[in-house]
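**Student:** Dropping a structure here in structure tokens format, bear with me for questions.
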Amino acid sequence: MLKMTHLSKVYRTEVVETYALRDFNINVNEGEFVAVTGPSGSGKTTFLTIAGLLETFTGGQYHLDGVEVSNLNDNERSKIRNEKIGFIFQAFNLIPDLNVFDNVEVPLRYRGMKAPERKERIMNALERVGLASRAKHYPAELSGGQQQRVAIARALAGSPRLLLADEPTGNLDTQMARGVMELLEEIHREGATIVMVTHDPELAARAQRNVHIIDGQVVDLAEDPRFHQAVHAARANSPA
Amino acid sequence: MDIKPILSALRRHKAGTVLIALQIALTLAIVCNALFIIQQRLAHLSEPTGVDEANTFVITNEWVGSPSSQRADAMMREDLRVLRELPGVADATSSNSFPLRGGGWDDGIKLTPDQVKDTSGAAVYFGDDHFLNTLDIPLIAGRNFRPEEITAMDVRDRLAPPVAIVTKPLADKLFPNGDAVGKTVYFVGNPTTIIGEVELLQSQSVERWASAFAWRSIIVPKRLAVSLGVFYIVRAQPGQLDAVMRAAPEALFKSNPRRIINDDDGVQSYATIRAKAYEGDRGMALLMGVICLVLLAITAAGIVGLTSFWVGQRRKQIGVRRALGATQKDILRYFMTENFLISCGGVLFGALLAIAINLWMVTRFEMHRLSLAYLLAGVLILLLLGQGAVLAPALRASRVPPVEATRSV
């Protein structure tokens, strides 16, 4: 589903080159739930933005759903983002001027979908996250957990091949975070491929697989003993 | 691009939306009416006088020493002889006034002696048998004055011409059946027989007070023999105007030096006379044009400012839209459509306002009704202005990268 080979991302200024990702390799299979972890500044978010075609990369190869994306133009990248990728952001990123229904509708409109199909998909997605009754509410009228569930509904409505989540519970309290995480697990059980960036060992423990990044490279989790132990401890305490 | 979510977003930004729509509305209302006034003024200043303006000039002659009426008449006839004999002169005449002069005589004409209200007002021109030929106004019916019909007249004398020549607009007003020649009218209380009809001769003034009889003129067979002076109207042969304008005053001074012909405006070509006559109209048209441009510029700046502010404010939102699949064109179209919707609201209200302002001016200042074409032109200008003004900030918005969605504010 997602394969990066020897990928690099360099930020250049006049005086310095900074490698955000260096010789980065990752392979995520269809239906997997992968947690990408690492300390702050390790390159997790850069990986996510490149994976989600929000940014270009400097070198290497990236295949998404069998398509080599490095030569795609802006329109083609937009189309892939719209049709194959669902984004869940830490800050929810709902559009404050639009109500819940219109927010979920945004990616579907850019796909050129007809109104009846859009409506059916939106209501299905909102029912799935338990917010069908809040369709006419504006984001400011919802709690953080509800807003994140709307964002998940927005990501799901387009039936994406890949869900990319960037610290999806980072702005939520424990109870709301648990609810969102359970929702993601449920979506994964239904067959979705999920790549979640997090620095929370408890969340990482709930994914099928952990990919740990340090200094822009994938490393063995054992190379970060404290995080390794925290993940193991979380897994041990997990009710599953 | 569906407009529902854009309208929904605009409803959440009422203050900015309403303010810019109001600005568009006011601009449209003023620009429509200003353009209409400009057009009317421009049309006004190109109205024909009937005179062969390209070859004609006017000499304002004043006598020195207050000569008697008889003496003034004799000197005037001598002047006319001198002028007519000048090389390059097609013909010359004297008159109390001339079209576009800015002032002159006008009077009411009645069809019966006991009629209380005038049938029409008319501009009164004194002219001899050379008048029509000098101004190059062809007769379309009847005959010209005969030399023996021309009499001298002082300002103290009663104007009682036995015959007169009228313009077609005046003839049509007096006798709508088209048979004015040979008919008698009552002019200053005396019967006057219409002996000829000419197509066109504009009144002396282009101001509003003279608009009622702008082309209704009557020519009476008189020479104005007054001590103050007289106007000599001279038509040069084609291509000779400049030379004759230089030679004429010299010849007149040579013939009789007891006169004043001002260096500044004693000898004026019709181009100069026209320019002076329509100075106010041109000034008004220019002022209106400047007001239009300033208003349009302010409105455009307002749109650019508000859209730039909104683009800056929604940078993250634009990034989110891009992340969710919007292309650069989608973002461009969003802002263009948003502006179009605001502009549509503005021009709709502005059109009503333009009509209201025009109706007020119609009743208050006797303006003409605003033509629909000007309203449509104004609407088109404002919509295009809006789209043009929003283009730069909208392009800037379209270049916001999708990765902006992941950046914290």
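Letters A, B, ... go to the chains of the structure tokens in the order shown; residues in each chain start at 1; ligands are counted from 1 in the same order.
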Just list as number ranges by chain whatever in range 42-212 of chain B DSSP marks as alpha helix (DSSP H).

**Tutor:** B: 42-45, 69-85, 131-135, 168-174

**Student:** For range 71-80 of chain A, work out the shell of residues within 9 Å, counting only C-alpha atoms and skipping chain neighbours fewer than 4 positions away, then give it as a PyMOL selection string.

**Tutor:** (chain A and resi 53-54+84-85+110-111) or (chain B and resi 322-329+402)

**Student:** Could those selected residues go to a file with all heavy atoms, as a CSV table (one decimal), in the first residue's frame?

**Tutor:**
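Result went into out_22.csv, see below:
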```csv
chain,number,residue,atom,x,y,z
A,53,LEU,N,1.3,13.1,0.6
A,53,LEU,CA,1.5,14.0,-0.6
A,53,LEU,C,1.2,15.4,-0.3
A,53,LEU,O,0.8,16.2,-1.2
A,53,LEU,CB,0.6,13.5,-1.8
A,53,LEU,CG,0.7,12.1,-2.2
A,53,LEU,CD1,-0.1,11.8,-3.5
A,53,LEU,CD2,2.1,11.6,-2.4
A,54,LEU,N,1.4,15.8,0.9
A,54,LEU,CA,1.3,17.2,1.2
A,54,LEU,C,2.6,18.0,0.9
A,54,LEU,O,2.6,19.2,0.8
A,54,LEU,CB,0.9,17.4,2.7
A,54,LEU,CG,-0.3,16.7,3.2
A,54,LEU,CD1,-0.5,16.9,4.7
A,54,LEU,CD2,-1.6,17.2,2.5
A,84,LYS,N,-7.7,8.8,-2.5
A,84,LYS,CA,-7.1,7.6,-1.8
A,84,LYS,C,-6.6,7.8,-0.4
A,84,LYS,O,-6.4,6.8,0.3
A,84,LYS,CB,-5.8,7.2,-2.6
A,84,LYS,CG,-6.1,6.6,-4.0
A,84,LYS,CD,-5.0,6.0,-4.7
A,84,LYS,CE,-5.4,5.4,-6.0
A,84,LYS,NZ,-4.3,4.8,-6.7
A,85,ILE,N,-6.6,9.1,0.1
A,85,ILE,CA,-6.0,9.3,1.4
A,85,ILE,C,-7.1,10.0,2.3
A,85,ILE,O,-7.7,11.0,1.8
A,85,ILE,CB,-4.8,10.2,1.3
A,85,ILE,CG1,-3.7,9.5,0.5
A,85,ILE,CG2,-4.2,10.4,2.7
A,85,ILE,CD1,-2.5,10.3,0.2
A,110,TYR,N,-14.9,18.2,-3.9
A,110,TYR,CA,-13.7,18.3,-4.8
A,110,TYR,C,-13.6,17.1,-5.7
A,110,TYR,O,-12.9,17.1,-6.7
A,110,TYR,CB,-12.4,18.5,-4.0
A,110,TYR,CG,-12.4,19.8,-3.3
A,110,TYR,CD1,-12.1,20.0,-1.9
A,110,TYR,CD2,-12.6,21.0,-4.0
A,110,TYR,CE1,-12.1,21.2,-1.3
A,110,TYR,CE2,-12.6,22.2,-3.4
A,110,TYR,CZ,-12.3,22.3,-2.1
A,110,TYR,OH,-12.3,23.6,-1.5
A,111,ARG,N,-14.3,16.0,-5.3
A,111,ARG,CA,-14.3,14.8,-6.2
A,111,ARG,C,-15.3,14.9,-7.3
A,111,ARG,O,-15.4,14.1,-8.2
A,111,ARG,CB,-14.6,13.6,-5.3
A,111,ARG,CG,-14.1,12.3,-5.9
A,111,ARG,CD,-14.4,11.1,-5.1
A,111,ARG,NE,-13.5,11.0,-3.9
A,111,ARG,CZ,-13.4,10.0,-3.1
A,111,ARG,NH1,-14.2,8.9,-3.3
A,111,ARG,NH2,-12.6,10.0,-2.1
B,322,ARG,N,-6.7,22.1,0.5
B,322,ARG,CA,-5.7,21.5,-0.4
B,322,ARG,C,-5.4,20.0,0.0
B,322,ARG,O,-5.3,19.2,-0.8
B,322,ARG,CB,-4.4,22.3,-0.4
B,322,ARG,CG,-4.6,23.7,-1.0
B,322,ARG,CD,-4.6,23.7,-2.5
B,322,ARG,NE,-3.2,23.5,-3.1
B,322,ARG,CZ,-2.8,22.6,-3.9
B,322,ARG,NH1,-3.7,21.7,-4.4
B,322,ARG,NH2,-1.6,22.6,-4.4
B,323,ALA,N,-5.3,19.8,1.3
B,323,ALA,CA,-4.9,18.5,1.8
B,323,ALA,C,-6.1,17.5,1.5
B,323,ALA,O,-5.9,16.3,1.2
B,323,ALA,CB,-4.7,18.5,3.3
B,324,LEU,N,-7.3,18.1,1.5
B,324,LEU,CA,-8.5,17.2,1.3
B,324,LEU,C,-8.8,17.0,-0.2
B,324,LEU,O,-9.7,16.4,-0.6
B,324,LEU,CB,-9.7,17.8,1.9
B,324,LEU,CG,-9.6,17.9,3.5
B,324,LEU,CD1,-10.9,18.6,4.0
B,324,LEU,CD2,-9.5,16.5,4.1
B,325,GLY,N,-7.9,17.6,-1.1
B,325,GLY,CA,-8.0,17.3,-2.5
B,325,GLY,C,-8.3,18.5,-3.4
B,325,GLY,O,-8.5,18.3,-4.6
B,326,ALA,N,-8.4,19.7,-2.8
B,326,ALA,CA,-8.6,20.9,-3.7
B,326,ALA,C,-7.4,21.1,-4.5
B,326,ALA,O,-6.3,21.1,-4.0
B,326,ALA,CB,-8.9,22.1,-2.8
B,327,THR,N,-7.6,21.4,-5.8
B,327,THR,CA,-6.5,21.8,-6.6
B,327,THR,C,-6.3,23.3,-6.5
B,327,THR,O,-7.1,24.0,-5.9
B,327,THR,CB,-6.8,21.5,-8.1
B,327,THR,OG1,-8.0,22.2,-8.5
B,327,THR,CG2,-7.0,20.0,-8.3
B,328,GLN,N,-5.2,23.8,-7.1
B,328,GLN,CA,-5.0,25.3,-7.0
B,328,GLN,C,-6.1,26.0,-7.7
B,328,GLN,O,-6.6,27.1,-7.2
B,328,GLN,CB,-3.6,25.6,-7.7
B,328,GLN,CG,-2.4,25.1,-6.9
B,328,GLN,CD,-1.1,25.7,-7.5
B,328,GLN,OE1,-1.0,26.1,-8.6
B,328,GLN,NE2,-0.1,25.7,-6.6
B,329,LYS,N,-6.6,25.4,-8.8
B,329,LYS,CA,-7.8,26.0,-9.5
B,329,LYS,C,-9.0,26.1,-8.6
B,329,LYS,O,-9.8,27.1,-8.6
B,329,LYS,CB,-8.1,25.3,-10.8
B,329,LYS,CG,-7.3,25.7,-12.0
B,329,LYS,CD,-7.8,25.0,-13.2
B,329,LYS,CE,-6.9,25.3,-14.4
B,329,LYS,NZ,-7.2,24.4,-15.5
B,402,PRO,N,-0.5,22.5,0.5
B,402,PRO,CA,-1.3,21.7,1.3
B,402,PRO,C,-0.7,21.4,2.7
B,402,PRO,O,-1.4,21.1,3.7
B,402,PRO,CB,-1.5,20.4,0.5
B,402,PRO,CG,-0.4,20.5,-0.6
B,402,PRO,CD,-0.1,21.9,-0.8
```

**Student:** May I have the residues of chain B within 10 Å of chain A, counting only C-alpha atoms, written as a ChimeraX atom specification?

**Tutor:** /B:1-2,4-13,314,316-330,401-409

**Student:** With only C-alpha atoms as the counted atoms, please give the residues lying no more than 12 Å from Gln40 in chain B, apart from itself and same-chain residues fewer than 3 positions off, as a PyMOL selection string.

**Tutor:** chain B and resi 33-37+43-47+281-282+284-285+288+367-371+374

**Student:** With only C-alpha atoms as the basis for distance, which of A:Ala233, A:Leu203, A:Leu21, A:Val104 is at the shortest distance from Pro139 in chain A?

**Tutor:**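 Of A:Ala233, A:Leu203, A:Leu21, A:Val104, the one nearest Pro139 in chain A is A:Val104, counting only C-alpha atoms.
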
**Student:** Quick one: everything within 12 Å of Trp63 in chain B, counting only C-alpha atoms, minus sequence neighbours fewer than 3 positions away in the same chain. Send it as a PyMOL selection string.

**Tutor:** chain B and resi 60+66-69+71-73+75-76+79+225-231+252-253+256-262

**Student:** Find, counting only C-alpha atoms, the residue in B:Ile137, B:Leu111, B:Val206, B:Ala248 that gets nearest to Thr192 in chain B.

**Tutor:**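 For Thr192 in chain B, the nearest of the given residues is B:Leu111.
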
**Student:** Just to confirm, what's the straight-line distance from CA of Val163 in chain B to CA of Leu83 in chain B in Å (one decimal)?

**Tutor:**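 Separation between CA of Val163 in chain B and CA of Leu83 in chain B: 26.5 Å.
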
**Student:** Give me, as a compact mmCIF listing (two decimals) with N, CA, C and O atoms, in the first residue's frame, all polymer residues having an atom no more than 9 Å from Gln23 in chain B, counting only C-alpha atoms and skipping those fewer than 5 positions away in the same chain.

**Tutor:**
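Final output, saved to selection-v7.txt:
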```txt
# COMPACT_ATOMS: atom_id res chain seq x y z
N VAL B 18 -20.99 42.52 4.18
CA VAL B 18 -21.96 43.60 3.98
C VAL B 18 -21.26 44.90 3.64
O VAL B 18 -21.69 45.64 2.74
N LEU B 28 -21.51 51.58 -7.66
CA LEU B 28 -22.33 51.36 -8.86
C LEU B 28 -23.34 52.48 -9.04
O LEU B 28 -23.48 53.03 -10.15
N ILE B 298 -11.03 53.00 -5.17
CA ILE B 298 -11.24 52.75 -3.73
C ILE B 298 -11.94 51.40 -3.54
O ILE B 298 -11.58 50.61 -2.67
N THR B 299 -12.93 51.14 -4.40
CA THR B 299 -13.65 49.87 -4.29
C THR B 299 -12.72 48.70 -4.56
O THR B 299 -12.74 47.69 -3.85
N GLY B 302 -10.56 48.20 -1.69
CA GLY B 302 -11.32 47.57 -0.60
C GLY B 302 -11.44 46.07 -0.80
O GLY B 302 -11.26 45.29 0.14
N GLY B 346 -24.00 43.26 -4.12
CA GLY B 346 -23.71 44.69 -4.17
C GLY B 346 -24.34 45.35 -5.38
O GLY B 346 -24.98 46.41 -5.26
N GLY B 350 -27.03 48.09 -5.60
CA GLY B 350 -26.51 49.28 -6.26
C GLY B 350 -27.39 49.71 -7.43
O GLY B 350 -27.58 50.91 -7.67
```

**Student:** Mind the document's chain letters and residue numbers, and return as a PyMOL selection string the residues of range 113-358 of chain B that DSSP labels strand (DSSP E).

**Tutor:** chain B and resi 120-126+139-142+151-153+163-167+184-187+190-198+217-220+222-224+229-236+259-260+267-269
